Every structure is written in C-alpha cells, then in structure tokens.
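Heads up, the thing below is written out as structure tokens.
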Amino acid sequence: REQSPSYKRVLLKVSGEALMGNGPSGVDPVMVDMVAADIAEVVASGVEVCLVVGGGNIFRGLAAAAKGMDRAQGDYAGMLATVINALMLQNALEKRGMETRVMTAIQMASIAEPYIRRRAVRHMEKGRVVIFAAGTGNPFFTTDTAAALRANEMECDALFKGTQVDGVYSADPRRNPDAQRYDQLTYLEVLARDLNVMDAAAISLARENRLPIVVFNMHAPGSFSAVMRGEGRFTRII
Ligand code: UDP
C-alpha cells in the first residue's frame, strides 16, 4: 500500500444510514454529533472538506416505488429527505464552531443556498464546510452519483465513502464469513465483479475523471481522520 497521500480538498459521502445509529430509521443525534466531531478533526488539520448527505434513513424512492408509488415522485421525496439530514449535520457542525453552508440541487432559498458551482468553490477556499443536499436534483439518480459528480466539480483529491464495514468485500461480510476484503481495486474490477459499493453511474463518473474513492467504516469515532492519515482499514478504488 502506498504512503498516505496528502489531501488538500476532499468530499465525504455520509449515507443516511450512518446517521441512523442503532435505530431502525430516522436520525440519532448522538451519531450525527459523532460524525460532526470526526469532520471537525479533519477540518482542523487544514483539509478542505465538503459533504454529500444521503437520505435513505428517512425515504428511498426505489423502496416507495416497490410499494406502488410513482418512482420519480418517490425520488423527489427522497431528495427532500437528504435536506433534513443536511440541516441536522449543519447544526452539529456549527455547534462545534465550524463555518458551514448547505447548498441544495433543488432550490429552497429560505433554508439553504441554491447550488452554484463557483460559489461552492469560494466557500471551500474560505474554509467553510459545504454540505451538498438534494442529490443531483434529478430522479433516477442516487446520492452516490451526486457525490462523484460534486467531487469532480469541486476538483477534490478523493471521494471518501463512509459505510458500515471497513472496505469493499467480495460478498457481504455480515452474512458471509468467507467474504474476501480488498485493499485496492480498479474501477473496472468494481464494475465487472458487480461489487456492492457504489452504483455503476458513480463508479463510471469517478473513473472518467480519475477520482480515487476510499471506502471505510464510519461507525468508529475518529475513523475519517484516521483514514485521511492512511491509518486503519479501507479499500482504495483507483
Ligand atoms: N435521490 C434522487 N436523486 C439523486 C439523489 C437521491 O432521486 O440525485 C433520491 C432517491 O430516491 C434515493 C433518495 O433520494 O433513494 C435518498 O438517497 P440515497 O438512497 O442515495 O441515500 P443513502 O443511501 O446514501 O442514505
């Protein structure tokens, strides 16, 4: 494994599940604060950090469609769910003294700024944590794809994906004890083996722009900052 690279600007994808804690759904304030503490540590080390938040802890378009809801309509509801998570995360970050901005891909100017790329870049240059909400603004996409898109737009050095397990496995390690863990994979290996880490659109976007993806377990306090230093277990997709 190569030496830990030094990052100047990174994007962290926080899934809705990461904010859920041990509950079946919704948001656990303890988890939100833990994630905020982790981000604060990385920001304090001088790295520019932006976030894409998911919404799966509250609403998923695909799951709603399986129960008969119109898919696009469900996806719009899912995108609104990400805004709820973004506001909670913003609150937790600001309580820790960080400067933040929420920018939404669907305009709701009373609570957040509309997403304007050049403005987001300025916020980051000033050291503000920018939270990108409402996904890509389009149904039939995911917040993973939004993460790859925004990371490219912000010219991030890497996309960090916090998950429930410490990297990418050949199968779900929580169900299959024989699952093999990878230290490093190529984008094409992820696609060809249909590894369940990010959807194909996100992987393709990262591949076209040579954006490294780092997959790690976000359930332990301090894990984001540890992985940023190249410590602990993670999978690099390059
Ligand atoms: N979504 C969407 N377009 C996007 C991003 C998200 O339609 O660009 C919707 C989709 O319905 C998705 C929901 O928002 O199920 C929540 O996002 P996601 O499932 O990616 O959240 P996560 O799994 O990261 O919690």
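Residue numbering restarts at 1 for every chain of the structure tokens, chains are lettered A, B, ... in their displayed order, and ligands are numbered from 1 as they appear.
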(request) Find the residues near ligand 1. Use a cut-off of 10 Å, count only C-alpha atoms and all ligand atoms, and write them as a PyMOL selection string. (result) chain A and resi 13-20+52-65+71-83+85+105+133-147+149+161-163+198-199
(request) Would you return as a ChimeraX atom specification the members of chain A that DSSP assigns to strand (DSSP E or B) on this structure's backbone? (result) /A:9-14,48-53,100-104,113-114,129-133,158-163,168-169,181-182,184-185,196,198,213-217,234-237
(request) Show which residues sit within 10 Å of Val130 of chain A, as a list in words. Count only C-alpha atoms, and ignore same-chain residues fewer than 5 positions away. (result) Leu11, Glu48, Val49, Cys50, Leu51, Val52, Ala86, Gln90, Glu99, Thr100, Arg101, Val102, Met103, Ala120, Val121, His123 and Met124 of chain A
Go ahead and dump the residues you just picked, C-alpha atoms, as an mmCIF file, in the first residue's frame.
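Output file selection.cif is given in full below:
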```cif
data_model
loop_
_atom_site.group_PDB
_atom_site.id
_atom_site.type_symbol
_atom_site.label_atom_id
_atom_site.label_comp_id
_atom_site.auth_asym_id
_atom_site.auth_seq_id
_atom_site.Cartn_x
_atom_site.Cartn_y
_atom_site.Cartn_z
ATOM 1 C CA LEU A 11 -15.524 15.057 -0.357
ATOM 2 C CA GLU A 48 -10.974 21.486 2.856
ATOM 3 C CA VAL A 49 -13.984 19.242 3.342
ATOM 4 C CA CYS A 50 -17.315 19.122 1.549
ATOM 5 C CA LEU A 51 -20.101 16.634 2.173
ATOM 6 C CA VAL A 52 -22.832 14.900 0.247
ATOM 7 C CA ALA A 86 -28.132 18.131 5.815
ATOM 8 C CA GLN A 90 -25.087 21.560 9.666
ATOM 9 C CA GLU A 99 -18.433 27.590 9.362
ATOM 10 C CA THR A 100 -20.826 25.756 7.077
ATOM 11 C CA ARG A 101 -23.101 26.249 4.109
ATOM 12 C CA VAL A 102 -25.855 23.964 2.855
ATOM 13 C CA MET A 103 -26.342 24.096 -0.901
ATOM 14 C CA ALA A 120 -19.314 26.473 -3.635
ATOM 15 C CA VAL A 121 -15.637 26.639 -4.597
ATOM 16 C CA HIS A 123 -16.927 28.756 0.252
ATOM 17 C CA MET A 124 -14.410 25.943 0.322
#
```
(message) Neighbouring residues of segment 31-40 of chain A were defined as those with any atom within 9 Å, considering only C-alpha atoms; residues of the same chain fewer than 3 positions away were excluded. Please report them as a PyMOL selection string.
(response) chain A and resi 12+14+18-21+27-28+43-45+49+85+88-90+92-94+96-98+218-225
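Rounded to one decimal, atom CA of Arg9 of chain A and atom CA of Ile84 of chain A lie 24.9 Å from each other.
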(request) Measure the distance from atom CA of Asp166 of chain A to atom CA of Pro212 of chain A in Å and round it to one decimal. (result)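 Separating atom CA of Asp166 of chain A from atom CA of Pro212 of chain A is a distance of 16.6 Å.
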(request) Write down as an NGL selection string the residues belonging to segment 53-152 of chain A that are assigned helix (DSSP H, G or I) by DSSP computed on the backbone. (result) :A and (61-66 or 71-95 or 117-125 or 143-152)
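Here the question is which of A:Ile116, A:Val197, A:Ala192, A:Val10 gets nearest to Thr235 of chain A using only C-alpha atoms, and that residue is A:Val197.
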(message) For a test of reading the model, state the distance in Å between atom CA of Val165 of chain A and atom CA of Asn217 of chain A, rounded to one decimal.
(response)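 Between atom CA of Val165 of chain A and atom CA of Asn217 of chain A the gap works out to 4.7 Å.
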(request) Please provide as a ChimeraX atom specification all residues within 7 Å of Ser170 of chain A, with the sequence filter that same-chain residues fewer than 5 positions apart are discarded (counting only C-alpha atoms). (result) /A:179-181,195
Export, as a PDB file, in the first residue's frame, the selected residues with N, CA and C atoms.
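Saved result, result_33.pdb, follows:
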```
ATOM      1  N   ALA A 179     -16.217 -14.016   3.013  1.00  0.00           N
ATOM      2  CA  ALA A 179     -16.042 -12.876   2.112  1.00  0.00           C
ATOM      3  C   ALA A 179     -14.616 -12.341   2.200  1.00  0.00           C
ATOM      4  N   GLN A 180     -14.062 -12.038   1.025  1.00  0.00           N
ATOM      5  CA  GLN A 180     -12.685 -11.550   0.960  1.00  0.00           C
ATOM      6  C   GLN A 180     -12.684 -10.024   0.904  1.00  0.00           C
ATOM      7  N   ARG A 181     -11.774  -9.415   1.692  1.00  0.00           N
ATOM      8  CA  ARG A 181     -11.690  -7.964   1.709  1.00  0.00           C
ATOM      9  C   ARG A 181     -10.572  -7.491   0.794  1.00  0.00           C
ATOM     10  N   LEU A 195     -19.432  -5.374  -7.644  1.00  0.00           N
ATOM     11  CA  LEU A 195     -19.258  -5.270  -6.199  1.00  0.00           C
ATOM     12  C   LEU A 195     -20.185  -4.197  -5.647  1.00  0.00           C
TER      13      LEU A 195
END
```
(request) Pick out the closest residue to Asn91 of chain A from this set: A:Pro24, A:Pro29, A:Ala206, A:Arg236. Count only C-alpha atoms. (result) A:Pro29
Excluding Phe234 of chain A and residues on its chain fewer than 4 positions from it, collect all residues at most 8 Å away from it, counting only C-alpha atoms, and give them as a tab-separated table (two decimals) with all heavy atoms, in the first residue's frame.
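Below is the file that was written, result_1.tsv:
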```
chain	number	residue	atom	x	y	z
A	166	ASP	N	-15.48	-2.09	6.86
A	166	ASP	CA	-14.18	-1.45	6.71
A	166	ASP	C	-13.58	-1.58	5.31
A	166	ASP	O	-12.39	-1.78	5.16
A	166	ASP	CB	-13.21	-1.99	7.76
A	166	ASP	CG	-13.08	-3.50	7.68
A	166	ASP	OD1	-13.73	-4.12	6.81
A	166	ASP	OD2	-12.32	-4.08	8.48
A	167	GLY	N	-14.41	-1.53	4.30
A	167	GLY	CA	-13.90	-1.59	2.93
A	167	GLY	C	-14.83	-2.35	2.02
A	167	GLY	O	-15.99	-2.60	2.37
A	168	VAL	N	-14.31	-2.71	0.86
A	168	VAL	CA	-15.09	-3.45	-0.12
A	168	VAL	C	-14.75	-4.93	0.00
A	168	VAL	O	-13.57	-5.30	0.08
A	168	VAL	CB	-14.79	-2.96	-1.56
A	168	VAL	CG1	-15.66	-3.69	-2.57
A	168	VAL	CG2	-14.98	-1.45	-1.66
A	183	ASP	N	-7.81	-4.52	-0.40
A	183	ASP	CA	-7.12	-3.27	-0.04
A	183	ASP	C	-7.25	-2.25	-1.16
A	183	ASP	O	-7.34	-1.06	-0.92
A	183	ASP	CB	-5.63	-3.53	0.20
A	183	ASP	CG	-5.36	-4.06	1.59
A	183	ASP	OD1	-6.22	-3.86	2.47
A	183	ASP	OD2	-4.30	-4.68	1.78
A	214	VAL	N	-12.23	6.17	-1.58
A	214	VAL	CA	-11.74	5.46	-0.40
A	214	VAL	C	-12.95	5.03	0.42
A	214	VAL	O	-13.74	5.86	0.87
A	214	VAL	CB	-10.81	6.36	0.45
A	214	VAL	CG1	-10.29	5.60	1.67
A	214	VAL	CG2	-9.65	6.88	-0.39
A	215	VAL	N	-13.11	3.72	0.59
A	215	VAL	CA	-14.26	3.17	1.31
A	215	VAL	C	-13.80	2.74	2.70
A	215	VAL	O	-12.83	2.00	2.84
A	215	VAL	CB	-14.85	1.96	0.55
A	215	VAL	CG1	-16.09	1.43	1.25
A	215	VAL	CG2	-15.17	2.34	-0.89
A	216	PHE	N	-14.48	3.20	3.74
A	216	PHE	CA	-14.06	2.88	5.11
A	216	PHE	C	-15.28	2.81	6.02
A	216	PHE	O	-16.38	3.21	5.65
A	216	PHE	CB	-13.07	3.94	5.61
A	216	PHE	CG	-13.69	5.30	5.85
A	216	PHE	CD1	-13.98	5.75	7.14
A	216	PHE	CD2	-14.02	6.12	4.78
A	216	PHE	CE1	-14.57	6.99	7.35
A	216	PHE	CE2	-14.61	7.37	4.98
A	216	PHE	CZ	-14.88	7.79	6.27
A	217	ASN	N	-15.04	2.29	7.22
A	217	ASN	CA	-16.12	2.15	8.20
A	217	ASN	C	-16.24	3.44	9.01
A	217	ASN	O	-15.30	3.86	9.67
A	217	ASN	CB	-15.79	0.98	9.14
A	217	ASN	CG	-16.90	0.73	10.15
A	217	ASN	OD1	-17.86	1.49	10.24
A	217	ASN	ND2	-16.77	-0.34	10.90
A	227	VAL	N	-8.41	7.50	8.53
A	227	VAL	CA	-8.26	7.08	7.14
A	227	VAL	C	-7.57	8.18	6.32
A	227	VAL	O	-6.76	7.90	5.43
A	227	VAL	CB	-9.64	6.72	6.54
A	227	VAL	CG1	-9.58	6.61	5.04
A	227	VAL	CG2	-10.13	5.42	7.14
```
